[in-house]
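Notes follow once the structure below has been shown.
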Amino acid sequence: MSQPRKVLHVITTTTVGGAEVQLARLIAASDPRRFQHLVVGLTPEGLLAGEMRRAGAQVLSLDLEPSLHKGVAGLLRLVAIMRNQRPDLVQGWMYHANLMALLASRLAGVRPVIWGLRCSDMNLGLYRQGTRLLVKVCALLSRWPTAIVSNSQRGVDFHLRQGYPAQTMRVIYNGFRVPAGGDGKRLAQAPRRRLGMAKDDLLVGHMARFDPMKDHATFLEAATQVARRLRNVHFVLLGLDMTESNPALERVLNLPLAGRCHLLGRQENVTPWLAAMDLHVSSSAFGEGLSNAVGESMAAGIPNVVTQVGDNVLLVGDTGRSVPPRRPAELAQAMEDILTLPREQRLALGQRARARIQEKFSQQTMARAFDQLYEELLTSQAAGSLLRPAFWPQPGGNS
């Protein structure tokens, strides 16, 4: 049997984040007889590095800091790693890592190169000048990668408008791990006790870092409306900077949310919190590709209310509700529609969400799509001309 081909991934960080979690799952679900994975993180090593190693990957870190001098030194180190490791192909994840992967691979003489895109419809005016410049530079260089993979069709559409070439764009959706059932009720008890919830109280979850695209303001306004009408509902917000020390969130401590809106920040283990939720909400205003938080909660058997951003409507299908972004009254009504369902109907909706993930958005489906892409590009390279393919097929069509 031939040796597995080596894939070198370049990613900004190995801390817990959407792209990083997807890379860890790809490594875990990829066929080790066909592909061996090496991960190079641009920043110091994070918590997911251990998970990646346990899944069989080699993990290195460049320990970069945000400066031009450090960036050039990191690029040269990455070139040296590529020349030493001699990967069969290189894959970048998100803008910074895409740029580094492309430049280093050209200096090291490595092909093919895959770029990874995770966002759609970004409102770049809300971000720093450096971020806007990076997006423009990547658009100018976007004809150099052999293939460009987006995790949403909306992401493809957005980047086409930025000047990306249609012939190399692909869609491979995020993949999610469906946990074994049976212990949800036990896991839910501790989080609900921590929040001081009564037996019949309902819990609405919102998992997102504090970022303009996540639009916490709309969620909190909708939560306020729900709290006025439903006295047995609590709200828990999980994510980076979602704490009471964030001055932008001071108003959630006021009535009518006082005592029922809980800011818990980033959680290393969200499994108990997912088990405790009766509903999960994504209130993003723009920029979302395919939400990890929505997929994770669906896999745990939780119905979702999402805004019509990115491909989240496709992800949820008929297992939840969707509303236009920045419409707090409509978001509140959709939340109430699910929260006021009889318990059996709400649980059945969650089980349909879980089944949808298993059938259409599992991590195995995602890994098979990447494995197939790797084989296609490597076969084309061996034949002497790399393919310029059409869009990657979407799992399960548009249902």
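Please note that chains go A, B, ... in the order of the structure tokens, that every chain numbers its residues from 1, and that ligands are numbered from 1 in the order shown.
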
Please provide as a PyMOL selection string all residues within 12 Å of range 346-351 of chain A, with the sequence filter that same-chain residues fewer than 5 positions apart are discarded (counting only C-alpha atoms).
chain A and resi 178+181+202+274-275+277-280+294-305+316-321+335-341+356-358

A:Leu117, A:Pro112, A:Pro247, A:Leu140: which is nearest Glu376 in chain A, counting only C-alpha atoms?
A:Pro112

Backbone DSSP call of helix (DSSP H, G or I) for range 302-399 of chain A, listed as a ChimeraX atom specification
/A:312-316,328-339,343-360,363-383

What's the separation between CA of Val281 in chain A and CA of His206 in chain A, in Å to one decimal place?
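Atom-to-atom, CA of Val281 in chain A and CA of His206 in chain A are spaced 5.4 Å apart.
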
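Compared by their closest atoms to Gln153 in chain A, and using only C-alpha atoms, the residues A:Leu195, A:Ala258, A:Val233, A:Val171 rank with A:Val171 nearest.
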
Compile the contact shell of Val59 in chain A as a VMD selection string: residues with an atom at most 6 Å away, counting only C-alpha atoms, same-chain residues fewer than 5 positions apart removed.
chain A and resid 38 to 40

Excluding Ile81 in chain A and residues on its chain fewer than 4 positions from it, collect all residues at most 10 Å away from it, counting only C-alpha atoms, and give them as a ChimeraX atom specification.
/A:8,40,60,75-77,85-87,104,108

Let me see the file: selected residues, C-alpha atoms, as a PDB file, in the first residue's frame.
```pdb
ATOM      1  CA  LEU A   8       0.219  20.892   5.511  1.00  0.00           C
ATOM      2  CA  VAL A  40       1.285  25.045  11.473  1.00  0.00           C
ATOM      3  CA  LEU A  60       3.914  23.253  15.062  1.00  0.00           C
ATOM      4  CA  LEU A  75       7.163  33.590   6.637  1.00  0.00           C
ATOM      5  CA  LEU A  76      10.781  32.453   6.280  1.00  0.00           C
ATOM      6  CA  ARG A  77      10.295  29.868   9.036  1.00  0.00           C
ATOM      7  CA  GLN A  85       8.439  18.478   5.417  1.00  0.00           C
ATOM      8  CA  ARG A  86       7.890  18.355   1.639  1.00  0.00           C
ATOM      9  CA  PRO A  87       4.069  18.292   1.801  1.00  0.00           C
ATOM     10  CA  ALA A 104       5.486  30.418   1.591  1.00  0.00           C
ATOM     11  CA  ALA A 108       9.229  26.689  -1.210  1.00  0.00           C
TER      12      ALA A 108
END
```

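Between Arg343 in chain A and the residues A:Tyr164, A:Asp200, A:Asp63, A:Ser150, the shortest atom-to-atom distance, using only C-alpha atoms, involves A:Asp200.
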
From a DSSP calculation on the backbone, collect every residue of range 167-340 of chain A in strand (DSSP E) and output the set as a VMD selection string.
chain A and resid 169 to 171 202 to 207 233 to 238 261 to 265 279 to 282 287 to 288 304 to 307 321 to 323

Nearest to Met94 in chain A by atom-to-atom distance, counting only C-alpha atoms, from A:Val156, A:Leu373, A:Ala28, A:Val10
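Looking only at the distances to Met94 in chain A, the closest residue turns out to be A:Val10.
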
So how many Å separate CA of Asn269 in chain A and CA of Met122 in chain A, to one decimal?
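CA of Met122 in chain A lies at a distance of 28.7 Å from CA of Asn269 in chain A.
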
Which of these residues is nearest to Gly265 in chain A, using only C-alpha atoms: A:Met213, A:Val236, A:Leu62, A:Ala222?
A:Val236
